[in-house]
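To be precise, the following lines are run_0.tsv, and they hold TSV, C-alpha atoms.
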chain	number	residue	atom	x	y	z
A	927	MET	CA	137.61	-37.84	-4.20
A	928	TYR	CA	137.07	-41.42	-5.35
A	929	PRO	CA	138.30	-42.77	-8.70
A	930	LYS	CA	135.89	-43.51	-11.51
A	931	MET	CA	135.40	-47.11	-12.54
A	932	GLU	CA	137.66	-46.77	-15.56
A	933	ASP	CA	140.48	-45.47	-13.33
A	934	VAL	CA	140.35	-48.23	-10.70
A	935	GLU	CA	143.65	-50.05	-10.25
A	936	PHE	CA	144.03	-53.64	-9.09
A	937	THR	CA	146.43	-56.57	-8.93
A	938	TYR	CA	145.35	-59.65	-10.86
A	939	ILE	CA	146.47	-62.96	-9.39
A	940	ASP	CA	146.52	-66.22	-11.34
A	941	LYS	CA	149.96	-67.64	-10.44
A	942	GLN	CA	151.02	-69.46	-7.28
A	943	ALA	CA	153.89	-67.09	-6.49
A	944	GLU	CA	151.48	-64.16	-6.70
A	945	LEU	CA	149.00	-65.92	-4.43
A	946	ASP	CA	151.75	-66.73	-1.91
A	947	GLU	CA	152.67	-63.05	-1.80
A	948	LEU	CA	149.01	-62.11	-1.34
A	949	CYS	CA	148.76	-64.52	1.57
A	950	GLU	CA	151.79	-62.92	3.22
A	951	HIS	CA	150.04	-59.55	3.11
A	952	LEU	CA	146.69	-61.05	4.11
A	953	ALA	CA	148.19	-62.69	7.19
A	954	LYS	CA	148.83	-59.21	8.64
A	955	GLN	CA	145.20	-58.09	8.27
A	956	SER	CA	142.23	-58.31	10.60
A	957	GLU	CA	139.52	-57.37	8.08
A	958	VAL	CA	139.03	-57.42	4.32
A	959	ALA	CA	136.41	-56.19	1.87
A	960	LEU	CA	135.27	-59.18	-0.15
A	961	ASP	CA	133.08	-60.02	-3.12
A	962	SER	CA	132.92	-62.78	-5.71
A	963	GLU	CA	131.86	-63.44	-9.26
A	964	ALA	CA	130.25	-66.75	-10.12
A	965	ASP	CA	128.85	-68.21	-13.28
A	966	ASN	CA	125.36	-69.60	-12.92
A	967	LEU	CA	123.97	-67.95	-16.04
A	968	HIS	CA	126.12	-69.76	-18.59
A	969	HIS	CA	126.84	-73.21	-17.13
A	970	PHE	CA	124.96	-76.14	-15.62
A	971	GLU	CA	126.66	-75.90	-12.24
A	972	THR	CA	127.34	-72.69	-10.37
A	973	LYS	CA	131.06	-72.04	-10.48
A	974	LEU	CA	133.13	-69.71	-8.33
A	975	CYS	CA	135.25	-67.81	-10.83
A	976	LEU	CA	136.77	-64.73	-9.23
A	977	LEU	CA	137.34	-63.27	-5.79
A	978	GLN	CA	137.71	-59.56	-5.21
A	979	LEU	CA	139.53	-58.40	-2.09
A	980	ARG	CA	140.49	-54.98	-0.80
A	981	PHE	CA	142.72	-54.19	2.16
A	982	ASP	CA	145.48	-51.65	2.76
A	983	GLU	CA	143.77	-49.60	0.02
A	984	THR	CA	144.81	-52.22	-2.55
A	985	ILE	CA	142.43	-54.31	-4.66
A	986	TYR	CA	143.28	-57.88	-5.57
A	987	LEU	CA	141.40	-59.96	-8.13
A	988	LEU	CA	142.06	-63.64	-7.44
A	989	ASP	CA	141.36	-66.02	-10.32
A	990	VAL	CA	140.14	-69.16	-8.57
A	991	THR	CA	139.81	-70.99	-11.90
A	992	ALA	CA	143.61	-70.96	-12.25
A	993	ASP	CA	145.79	-73.84	-11.10
A	994	LEU	CA	146.37	-72.57	-7.58
A	995	TYR	CA	146.80	-74.14	-4.16
A	996	LEU	CA	144.20	-72.19	-2.19
A	997	ASP	CA	144.16	-73.93	1.20
A	998	ARG	CA	146.28	-71.35	3.02
A	999	PHE	CA	144.32	-68.50	1.47
A	1000	TRP	CA	140.97	-69.88	2.69
A	1001	GLU	CA	142.44	-70.62	6.12
A	1002	LEU	CA	143.60	-67.01	6.47
A	1003	LEU	CA	140.30	-65.65	5.19
A	1004	SER	CA	138.36	-67.74	7.71
A	1005	GLY	CA	139.93	-65.71	10.52
A	1006	MET	CA	139.12	-62.32	9.01
A	1007	HIS	CA	136.30	-59.90	9.66
A	1008	LEU	CA	134.59	-59.69	6.26
A	1009	ILE	CA	133.04	-56.54	4.82
A	1010	MET	CA	130.52	-57.58	2.17
A	1011	HIS	CA	127.27	-56.60	0.49
A	1012	GLY	CA	124.46	-59.13	0.03
A	1013	SER	CA	126.65	-61.90	1.38
A	1014	ASP	CA	124.12	-64.75	1.41
A	1015	PHE	CA	124.87	-66.12	-2.07
A	1016	ASP	CA	128.63	-65.61	-1.74
A	1017	LEU	CA	128.91	-67.34	1.64
A	1018	ARG	CA	126.80	-70.28	0.43
A	1019	LEU	CA	129.02	-70.50	-2.62
A	1020	PHE	CA	132.17	-70.51	-0.47
A	1021	GLU	CA	130.64	-73.28	1.67
A	1022	GLU	CA	130.03	-75.36	-1.45
A	1023	PHE	CA	133.49	-74.60	-2.84
A	1024	CYS	CA	135.61	-75.45	0.18
A	1025	GLY	CA	133.51	-75.68	3.35
A	1026	PHE	CA	134.34	-72.08	4.25
A	1027	LYS	CA	132.79	-70.40	7.29
A	1028	ALA	CA	133.31	-66.74	8.09
A	1029	ALA	CA	134.47	-65.69	11.56
A	1030	SER	CA	132.57	-62.40	11.56
A	1031	LEU	CA	130.79	-60.22	9.05
A	1032	PHE	CA	129.53	-56.77	8.22
A	1033	ASP	CA	126.92	-56.84	5.46
A	1034	SER	CA	126.00	-53.41	4.09
A	1035	MET	CA	122.70	-54.77	2.74
A	1036	LEU	CA	121.61	-55.94	6.19
A	1037	ALA	CA	122.70	-52.62	7.67
A	1038	SER	CA	120.75	-50.70	5.03
A	1039	GLN	CA	117.59	-52.61	5.84
A	1040	LEU	CA	117.88	-51.74	9.53
A	1041	LEU	CA	118.24	-48.08	8.55
A	1042	GLY	CA	115.08	-48.19	6.45
A	1043	ILE	CA	116.93	-47.43	3.21
A	1044	LYS	CA	114.64	-48.20	0.31
A	1045	ARG	CA	117.17	-48.91	-2.46
A	1046	ILE	CA	119.57	-51.40	-0.89
A	1047	GLY	CA	121.39	-52.73	-3.96
A	1048	LEU	CA	125.12	-51.99	-4.02
A	1049	ALA	CA	124.86	-49.90	-7.19
A	1050	ALA	CA	122.16	-47.72	-5.61
A	1051	LEU	CA	124.13	-47.26	-2.40
A	1052	LEU	CA	127.30	-46.32	-4.27
A	1053	GLU	CA	125.39	-43.81	-6.33
A	1054	GLU	CA	123.82	-42.30	-3.22
A	1055	HIS	CA	126.96	-42.12	-1.10
A	1056	PHE	CA	129.74	-41.67	-3.66
A	1057	SER	CA	127.98	-40.40	-6.80
A	1058	VAL	CA	129.28	-43.46	-8.65
A	1059	LYS	CA	127.29	-45.13	-11.39
A	1060	ILE	CA	128.16	-48.76	-12.12
A	1061	PRO	CA	127.04	-50.07	-15.52
A	1062	LYS	CA	124.97	-53.24	-15.32
A	1063	ASP	CA	126.10	-54.81	-18.57
A	1064	SER	CA	128.81	-56.93	-16.89
A	1065	GLN	CA	126.42	-58.51	-14.38
A	1066	LYS	CA	125.37	-61.20	-16.85
A	1067	SER	CA	128.83	-61.80	-18.30
A	1068	ASP	CA	130.40	-65.24	-18.51
A	1069	TRP	CA	132.83	-65.00	-15.60
A	1070	SER	CA	134.30	-68.40	-16.38
A	1071	GLN	CA	135.73	-67.17	-19.68
A	1072	ARG	CA	139.44	-66.45	-19.88
A	1073	PRO	CA	140.86	-63.98	-20.41
A	1074	LEU	CA	138.42	-61.64	-18.73
A	1075	THR	CA	137.94	-58.38	-20.57
A	1076	PRO	CA	139.38	-55.15	-19.11
A	1077	LYS	CA	135.82	-53.87	-18.67
A	1078	MET	CA	134.82	-56.95	-16.66
A	1079	LEU	CA	137.90	-56.63	-14.46
A	1080	LYS	CA	137.22	-52.95	-13.77
A	1081	TYR	CA	133.61	-53.80	-12.93
A	1082	ALA	CA	134.72	-56.53	-10.52
A	1083	ALA	CA	137.27	-54.28	-8.83
A	1084	THR	CA	134.69	-51.53	-8.29
A	1085	ASP	CA	132.52	-53.91	-6.25
A	1086	VAL	CA	135.00	-53.77	-3.35
A	1087	LEU	CA	136.51	-50.32	-3.90
A	1088	TYR	CA	134.02	-48.51	-1.66
A	1089	LEU	CA	133.02	-51.22	0.84
A	1090	HIS	CA	135.21	-49.97	3.71
A	1091	GLU	CA	133.98	-46.40	3.34
A	1092	LEU	CA	130.38	-47.55	2.88
A	1093	ARG	CA	130.67	-49.63	6.05
A	1094	ASP	CA	131.94	-46.62	7.99
A	1095	ARG	CA	129.11	-44.38	6.81
A	1096	LEU	CA	126.39	-46.93	7.48
A	1097	MET	CA	127.82	-47.88	10.87
A	1098	ALA	CA	127.87	-44.23	11.91
A	1099	ARG	CA	124.14	-44.13	11.26
A	1100	ILE	CA	123.58	-47.53	12.89
A	1101	ASP	CA	125.35	-46.32	16.03
A	1102	GLU	CA	123.32	-43.09	16.06
A	1103	VAL	CA	120.10	-45.11	16.34
A	1104	ASP	CA	121.68	-47.75	18.61
A	1105	ARG	CA	121.09	-50.74	16.33
A	1106	GLY	CA	124.61	-52.14	16.32
A	1107	GLU	CA	123.63	-55.21	18.36
A	1108	TRP	CA	120.70	-55.91	16.03
A	1109	LEU	CA	123.05	-55.80	13.05
A	1110	ARG	CA	125.58	-58.04	14.76
A	1111	GLN	CA	122.93	-60.68	15.41
A	1112	ARG	CA	121.67	-60.49	11.83
A	1113	CYS	CA	125.18	-60.91	10.44
A	1114	GLU	CA	125.91	-63.85	12.73
A	1115	ASN	CA	122.65	-65.45	11.63
A	1116	GLN	CA	123.65	-64.92	8.00
A	1117	ILE	CA	126.86	-66.87	8.62
A	1118	ARG	CA	124.89	-69.72	10.25
A	1119	ILE	CA	122.36	-69.90	7.42
A	1120	ALA	CA	125.07	-69.93	4.75
A	1121	LYS	CA	126.59	-73.10	6.20
A	1122	THR	CA	123.60	-75.04	4.85
A	1123	GLY	CA	124.80	-74.34	1.30
A	1124	PHE	CA	122.43	-74.39	-1.67
A	1125	PRO	CA	119.27	-76.53	-1.80
A	1126	ARG	CA	119.81	-79.95	-3.40
A	1127	ASN	CA	117.65	-81.61	-6.03
A	1128	ASP	CA	115.79	-84.67	-4.81
A	1129	GLU	CA	113.32	-87.11	-6.35
A	1130	ASN	CA	110.56	-84.51	-6.18
A	1131	SER	CA	112.47	-81.54	-7.59
A	1132	TRP	CA	110.65	-82.00	-10.89
A	1133	ARG	CA	107.45	-80.70	-9.26
A	1134	ILE	CA	107.90	-77.17	-10.59
A	1135	ALA	CA	105.60	-74.20	-9.96
A	1136	LYS	CA	102.07	-74.63	-11.37
A	1137	SER	CA	102.57	-78.39	-11.86
A	1138	ASP	CA	100.14	-79.26	-9.06
A	1139	ARG	CA	97.19	-78.05	-11.08
A	1140	LEU	CA	97.73	-80.67	-13.80
A	1141	ASP	CA	96.18	-84.14	-13.93
A	1142	ASP	CA	98.16	-87.36	-13.63
A	1143	ARG	CA	99.01	-87.45	-17.33
A	1144	GLY	CA	100.27	-83.88	-17.21
A	1145	GLN	CA	102.32	-84.73	-14.13
A	1146	ALA	CA	103.93	-87.63	-15.98
A	1147	ALA	CA	104.82	-85.28	-18.84
A	1148	ILE	CA	106.40	-82.79	-16.47
A	1149	TYR	CA	108.42	-85.59	-14.89
A	1150	GLU	CA	109.80	-86.66	-18.26
A	1151	LEU	CA	110.38	-83.14	-19.55
A	1152	TRP	CA	112.16	-82.02	-16.38
A	1153	HIS	CA	114.54	-84.98	-16.38
A	1154	TRP	CA	115.15	-84.61	-20.12
A	1155	ARG	CA	116.01	-80.95	-19.53
A	1156	GLN	CA	118.35	-81.74	-16.64
A	1157	ASN	CA	120.24	-84.37	-18.61
A	1158	LEU	CA	120.58	-82.20	-21.71
A	1159	ALA	CA	121.58	-79.13	-19.70
A	1160	LYS	CA	124.30	-81.12	-17.98
A	1161	ARG	CA	125.53	-82.52	-21.29
A	1162	LEU	CA	125.57	-79.07	-22.91
A	1163	ASP	CA	126.90	-77.42	-19.74
A	1164	ARG	CA	124.12	-74.85	-19.82
A	1165	PRO	CA	121.68	-73.66	-17.15
A	1166	PRO	CA	118.44	-75.67	-17.38
A	1167	PHE	CA	116.33	-72.53	-17.96
A	1168	LYS	CA	118.33	-71.88	-21.14
A	1169	VAL	CA	117.39	-75.33	-22.44
A	1170	LEU	CA	113.65	-75.08	-21.78
A	1171	GLY	CA	111.85	-72.62	-19.52
A	1172	ASN	CA	109.34	-73.76	-16.93
A	1173	ASP	CA	106.49	-71.97	-18.73
A	1174	PHE	CA	107.14	-74.06	-21.85
A	1175	ILE	CA	107.28	-77.24	-19.77
A	1176	ILE	CA	103.87	-76.42	-18.30
A	1177	ALA	CA	102.40	-75.58	-21.72
A	1178	LEU	CA	103.65	-78.84	-23.23
A	1179	ALA	CA	102.45	-80.87	-20.24
A	1180	GLU	CA	99.01	-79.28	-20.57
A	1181	GLY	CA	99.09	-80.34	-24.22
A	1182	VAL	CA	99.80	-83.92	-23.15
A	1183	SER	CA	96.86	-83.75	-20.71
A	1184	GLU	CA	94.56	-82.48	-23.44
A	1185	GLY	CA	95.88	-84.84	-26.11
A	1186	ASN	CA	97.14	-82.12	-28.45
A	1187	TRP	CA	100.79	-81.73	-27.53
A	1188	GLU	CA	101.88	-81.95	-31.20
A	1189	PHE	CA	99.78	-78.85	-31.92
A	1190	VAL	CA	101.22	-77.05	-28.90
A	1191	PHE	CA	104.73	-78.04	-29.96
A	1192	GLU	CA	104.25	-76.55	-33.43
A	1193	GLY	CA	103.32	-73.24	-31.83
A	1194	LEU	CA	106.57	-72.98	-29.87
A	1195	PRO	CA	109.47	-70.73	-30.96
A	1196	MET	CA	111.69	-72.33	-33.59
A	1197	GLY	CA	114.63	-72.39	-31.21
A	1198	ILE	CA	112.67	-74.72	-28.92
A	1199	GLN	CA	111.25	-76.78	-31.76
A	1200	ARG	CA	114.82	-77.58	-32.77
A	1201	ARG	CA	115.17	-79.32	-29.42
A	1202	ALA	CA	113.26	-82.18	-31.07
A	1203	ARG	CA	116.61	-83.30	-32.47
A	1204	GLN	CA	117.89	-83.50	-28.90
A	1205	GLY	CA	115.06	-85.68	-27.66
A	1206	LEU	CA	112.32	-83.23	-26.70
A	1207	LYS	CA	109.59	-85.05	-28.65
A	1208	ASP	CA	110.83	-88.37	-27.30
A	1209	ALA	CA	110.42	-87.01	-23.78
A	1210	LEU	CA	106.87	-85.91	-24.60
A	1211	ARG	CA	106.02	-89.35	-25.98
A	1212	ARG	CA	107.40	-90.95	-22.80
A	1213	GLY	CA	105.14	-88.63	-20.84
A	1214	VAL	CA	102.16	-89.88	-22.83
A	1215	THR	CA	102.95	-93.54	-22.22
A	1216	ARG	CA	104.49	-93.49	-18.73
A	1217	ASP	CA	102.60	-95.36	-16.03
A	1218	VAL	CA	101.57	-92.53	-13.73
A	1219	LYS	CA	101.73	-94.93	-10.77
A	1220	SER	CA	105.50	-95.16	-11.32
A	1221	LEU	CA	106.05	-91.49	-10.46
A	1222	PRO	CA	107.75	-90.77	-7.13
A	1223	GLN	CA	105.21	-90.36	-4.40
A	1224	ARG	CA	104.60	-86.86	-3.21
A	1225	PRO	CA	106.34	-86.29	0.12
A	1226	PRO	CA	103.90	-86.34	3.00
A	1227	ARG	CA	102.61	-82.92	3.87
A	1228	PRO	CA	103.28	-81.66	7.36
A	1229	GLU	CA	100.28	-82.19	9.54
A	1230	ARG	CA	97.92	-79.36	8.72
A	1231	ARG	CA	97.36	-77.10	11.63
A	1232	ALA	CA	93.87	-76.10	12.59
A	1233	PRO	CA	92.91	-72.56	11.63
A	1234	LEU	CA	93.61	-69.92	14.22
A	1235	SER	CA	90.89	-69.73	16.85
A	1236	GLN	CA	89.10	-66.45	17.44
A	1237	GLN	CA	91.27	-65.84	20.48
A	1238	GLU	CA	94.40	-66.50	18.39
A	1239	LEU	CA	93.15	-64.25	15.59
A	1240	ASP	CA	92.67	-61.48	18.10
A	1241	ARG	CA	96.19	-62.07	19.39
A	1242	GLN	CA	97.52	-62.00	15.84
A	1243	ASP	CA	95.89	-58.63	15.19
A	1244	THR	CA	97.32	-57.24	18.42
A	1245	ILE	CA	100.84	-58.52	17.75
A	1246	LYS	CA	100.74	-57.29	14.16
A	1247	ALA	CA	99.57	-53.82	15.20
A	1248	PHE	CA	102.30	-53.66	17.86
A	1249	ARG	CA	104.93	-54.82	15.35
A	1250	ASP	CA	103.78	-52.32	12.72
A	1251	LYS	CA	103.85	-49.45	15.21
A	1252	LEU	CA	107.40	-50.34	16.21
A	1253	ALA	CA	108.50	-50.57	12.58
A	1254	THR	CA	106.93	-47.21	11.76
A	1255	ASP	CA	108.78	-45.63	14.70
A	1256	PHE	CA	112.03	-47.24	13.58
A	1257	GLY	CA	111.42	-46.37	9.92
A	1258	PHE	CA	111.98	-49.83	8.47
A	1259	ASP	CA	110.03	-52.79	7.09
A	1260	PRO	CA	107.86	-54.57	9.73
A	1261	THR	CA	109.02	-58.01	8.53
A	1262	LEU	CA	112.46	-57.25	9.95
A	1263	ILE	CA	110.86	-57.64	13.38
A	1264	ALA	CA	108.59	-60.59	12.51
A	1265	THR	CA	107.30	-62.02	9.27
A	1266	ARG	CA	103.63	-62.76	8.74
A	1267	SER	CA	104.13	-66.44	9.55
A	1268	GLN	CA	106.11	-65.57	12.68
A	1269	VAL	CA	103.29	-63.33	13.89
A	1270	ALA	CA	100.87	-66.25	13.44
A	1271	GLN	CA	103.36	-68.53	15.21
A	1272	LEU	CA	103.34	-66.29	18.29
A	1273	ALA	CA	99.56	-65.92	18.15
A	1274	ARG	CA	99.30	-69.71	18.55
A	1275	ASP	CA	101.94	-69.95	21.26
A	1276	LEU	CA	103.15	-66.84	23.04
A	1277	GLU	CA	106.29	-68.72	24.13
A	1278	ASP	CA	107.29	-70.00	20.68
A	1279	PHE	CA	110.23	-67.82	19.64
A	1280	SER	CA	111.88	-70.46	17.45
A	1281	GLY	CA	113.49	-68.75	14.46
A	1282	PHE	CA	113.59	-65.34	16.17
A	1283	LEU	CA	116.74	-63.40	16.97
A	1284	GLU	CA	117.23	-62.11	20.49
A	1285	TRP	CA	116.63	-58.46	19.55
A	1286	GLN	CA	113.36	-59.35	17.83
A	1287	ARG	CA	112.19	-61.22	20.90
A	1288	ASP	CA	113.11	-58.31	23.16
A	1289	LEU	CA	111.05	-55.92	21.04
A	1290	LEU	CA	107.96	-58.12	21.07
A	1291	GLU	CA	108.07	-59.28	24.70
A	1292	PRO	CA	106.15	-56.27	26.14
A	1293	CYS	CA	103.27	-56.94	23.78
A	1294	LEU	CA	103.20	-60.66	24.54
A	1295	ALA	CA	103.39	-60.06	28.29
A	1296	ASN	CA	100.10	-58.17	28.07
A	1297	LEU	CA	98.49	-61.08	26.24
A	1298	LYS	CA	99.41	-63.76	28.76
File written out as structure tokens:
Amino acid sequence: MYPKMEDVEFTYIDKQAELDELCEHLAKQSEVALDSEADNLHHFETKLCLLQLRFDETIYLLDVTADLYLDRFWELLSGMHLIMHGSDFDLRLFEEFCGFKAASLFDSMLASQLLGIKRIGLAALLEEHFSVKIPKDSQKSDWSQRPLTPKMLKYAATDVLYLHELRDRLMARIDEVDRGEWLRQRCENQIRIAKTGFPRNDENSWRIAKSDRLDDRGQAAIYELWHWRQNLAKRLDRPPFKVLGNDFIIALAEGVSEGNWEFVFEGLPMGIQRRARQGLKDALRRGVTRDVKSLPQRPPRPERRAPLSQQELDRQDTIKAFRDKLATDFGFDPTLIATRSQVAQLARDLEDFSGFLEWQRDLLEPCLANLK
């Protein structure tokens, strides 16, 4: 019988002596259930705020915003086998925070996909396996605030409470269908991908979705509005989307193109109109007057490949049908074997397995052998 969320117990750590004691216990472990809480909904930069760990049937909540010397902790953690769910964001965040790289990983989301489970969110899995319902109201909380509320702490602790048991149940099913090696390769690949961190803004990051359809004047407006938003968001320490959403940027830029941006502005919600005091109208006026030739040049497009030949189209259909049949037999999504673009990649070159994992290649090889 598992405890309800309100009954979960944990040890909160925000002092060096407490962290040192945690490290002494951690040094004796080989694996740990791990999760994190970050704050990218309330601040300009994504901040790691809290780490949740469970081992020896004890839950620890480590406040990484406290004045703590964390080097030994991260060093110990780097040698552990990690049990996580949906680890991509967390591992990228740890890379950004301290250059962390996991030694090995079990990700219950990746395992669920290989089992063909439809609802692969942690809340859905906990409800299915443990009849636990986790309220969603703490997901959008400000995790950088201190002190954290008791409800937020209970929510955070619950995220790791069941991970060991969930791992055991999913791995039993993975072993039954002999997909352990597939999962291992996927988890190792997740660790490799996470080392790239988060994408960085560059001189063309202002080219937001739907901006390509605008004329030069509209492009200049988007350039000015995007940079105004970035600067104000950083000054206010707020996420850019909470300063001005992309849809509003597009609407205003269209107004600049059509010469009626003042009219468009007057039709915006009052909360956005008040941004005029923070320079929004000035940014629009700069968009009107900016020399469009001064905008950063669009990065060169990769050389456009010729359309697939008829022979390659036939190959693509054959590979896709083979992939889909395999996926149906396995009971999971076909894209786990090969995405649409990867199918086209193989149709062009039957030897081009770049980006594929070994188990994916092994599955597809019989089909490709018949096409050679």
Surrounding residues of A:Phe1026 excluding itself and chain neighbours under 6 positions, 12 Å, all atoms listed in the file, as an mmCIF file with C-alpha atoms, in the coordinates of the input:
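Once written, selection-v9.cif looks like this:
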data_model
loop_
_atom_site.group_PDB
_atom_site.id
_atom_site.type_symbol
_atom_site.label_atom_id
_atom_site.label_comp_id
_atom_site.auth_asym_id
_atom_site.auth_seq_id
_atom_site.Cartn_x
_atom_site.Cartn_y
_atom_site.Cartn_z
ATOM 1 C CA LEU A 996 144.200 -72.190 -2.190
ATOM 2 C CA ASP A 997 144.160 -73.930 1.200
ATOM 3 C CA PHE A 999 144.320 -68.500 1.470
ATOM 4 C CA TRP A 1000 140.970 -69.880 2.690
ATOM 5 C CA GLU A 1001 142.440 -70.620 6.120
ATOM 6 C CA LEU A 1002 143.600 -67.010 6.470
ATOM 7 C CA LEU A 1003 140.300 -65.650 5.190
ATOM 8 C CA SER A 1004 138.360 -67.740 7.710
ATOM 9 C CA GLY A 1005 139.930 -65.710 10.520
ATOM 10 C CA MET A 1006 139.120 -62.320 9.010
ATOM 11 C CA ASP A 1016 128.630 -65.610 -1.740
ATOM 12 C CA LEU A 1017 128.910 -67.340 1.640
ATOM 13 C CA ARG A 1018 126.800 -70.280 0.430
ATOM 14 C CA LEU A 1019 129.020 -70.500 -2.620
ATOM 15 C CA PHE A 1020 132.170 -70.510 -0.470
ATOM 16 C CA ILE A 1117 126.860 -66.870 8.620
ATOM 17 C CA ARG A 1118 124.890 -69.720 10.250
ATOM 18 C CA ALA A 1120 125.070 -69.930 4.750
ATOM 19 C CA LYS A 1121 126.590 -73.100 6.200
ATOM 20 C CA THR A 1122 123.600 -75.040 4.850
ATOM 21 C CA GLY A 1123 124.800 -74.340 1.300
#
Point to revise | Between atom CA of A:Trp1152 and atom CA of A:Arg1230, distance in Å (one decimal) | key: 29.0 Å
Skipping near chain neighbours, those fewer than 4 positions away, what residues fall within 12 Å of A:Asp1094 using all atoms listed in the file, listed as a PDB file with C-alpha atoms, in the frame of the given file?
ATOM      1  CA  ILE A1009     133.040 -56.540   4.820  1.00  0.00           C
ATOM      2  CA  PHE A1032     129.530 -56.770   8.220  1.00  0.00           C
ATOM      3  CA  ASP A1033     126.920 -56.840   5.460  1.00  0.00           C
ATOM      4  CA  SER A1034     126.000 -53.410   4.090  1.00  0.00           C
ATOM      5  CA  ALA A1037     122.700 -52.620   7.670  1.00  0.00           C
ATOM      6  CA  HIS A1055     126.960 -42.120  -1.100  1.00  0.00           C
ATOM      7  CA  TYR A1088     134.020 -48.510  -1.660  1.00  0.00           C
ATOM      8  CA  LEU A1089     133.020 -51.220   0.840  1.00  0.00           C
ATOM      9  CA  HIS A1090     135.210 -49.970   3.710  1.00  0.00           C
ATOM     10  CA  ALA A1098     127.870 -44.230  11.910  1.00  0.00           C
ATOM     11  CA  ARG A1099     124.140 -44.130  11.260  1.00  0.00           C
ATOM     12  CA  ILE A1100     123.580 -47.530  12.890  1.00  0.00           C
ATOM     13  CA  ASP A1101     125.350 -46.320  16.030  1.00  0.00           C
TER      14      ASP A1101
END
Just want the 12 Å neighbourhood of A:Thr972, counted on all atoms listed in the file, with same-chain residues fewer than 2 positions away dropped. Output as a tab-separated table (two decimals) with C-alpha atoms, in the frame of the given file.
chain	number	residue	atom	x	y	z
A	963	GLU	CA	131.86	-63.44	-9.26
A	964	ALA	CA	130.25	-66.75	-10.12
A	965	ASP	CA	128.85	-68.21	-13.28
A	966	ASN	CA	125.36	-69.60	-12.92
A	967	LEU	CA	123.97	-67.95	-16.04
A	968	HIS	CA	126.12	-69.76	-18.59
A	969	HIS	CA	126.84	-73.21	-17.13
A	970	PHE	CA	124.96	-76.14	-15.62
A	974	LEU	CA	133.13	-69.71	-8.33
A	975	CYS	CA	135.25	-67.81	-10.83
A	1015	PHE	CA	124.87	-66.12	-2.07
A	1016	ASP	CA	128.63	-65.61	-1.74
A	1018	ARG	CA	126.80	-70.28	0.43
A	1019	LEU	CA	129.02	-70.50	-2.62
A	1020	PHE	CA	132.17	-70.51	-0.47
A	1022	GLU	CA	130.03	-75.36	-1.45
A	1023	PHE	CA	133.49	-74.60	-2.84
A	1068	ASP	CA	130.40	-65.24	-18.51
A	1069	TRP	CA	132.83	-65.00	-15.60
A	1070	SER	CA	134.30	-68.40	-16.38
A	1124	PHE	CA	122.43	-74.39	-1.67
A	1160	LYS	CA	124.30	-81.12	-17.98
A	1163	ASP	CA	126.90	-77.42	-19.74
A	1164	ARG	CA	124.12	-74.85	-19.82
A	1165	PRO	CA	121.68	-73.66	-17.15
A	1166	PRO	CA	118.44	-75.67	-17.38
Residues proximal to (145.8, -50.1, 1.8) were defined as those with any atom within 12 Å of that point in the file's coordinates, counting all atoms listed in the file. Which are they, as a compact mmCIF listing (two decimals) with C-alpha atoms, keeping the file's coordinate frame?
# COMPACT_ATOMS: atom_id res chain seq x y z
CA PHE A 936 144.03 -53.64 -9.09
CA HIS A 951 150.04 -59.55 3.11
CA LEU A 952 146.69 -61.05 4.11
CA LYS A 954 148.83 -59.21 8.64
CA GLN A 955 145.20 -58.09 8.27
CA GLU A 957 139.52 -57.37 8.08
CA VAL A 958 139.03 -57.42 4.32
CA ALA A 959 136.41 -56.19 1.87
CA LEU A 979 139.53 -58.40 -2.09
CA ARG A 980 140.49 -54.98 -0.80
CA PHE A 981 142.72 -54.19 2.16
CA ASP A 982 145.48 -51.65 2.76
CA GLU A 983 143.77 -49.60 0.02
CA THR A 984 144.81 -52.22 -2.55
CA ILE A 985 142.43 -54.31 -4.66
CA TYR A 986 143.28 -57.88 -5.57
CA LEU A 1087 136.51 -50.32 -3.90
CA HIS A 1090 135.21 -49.97 3.71
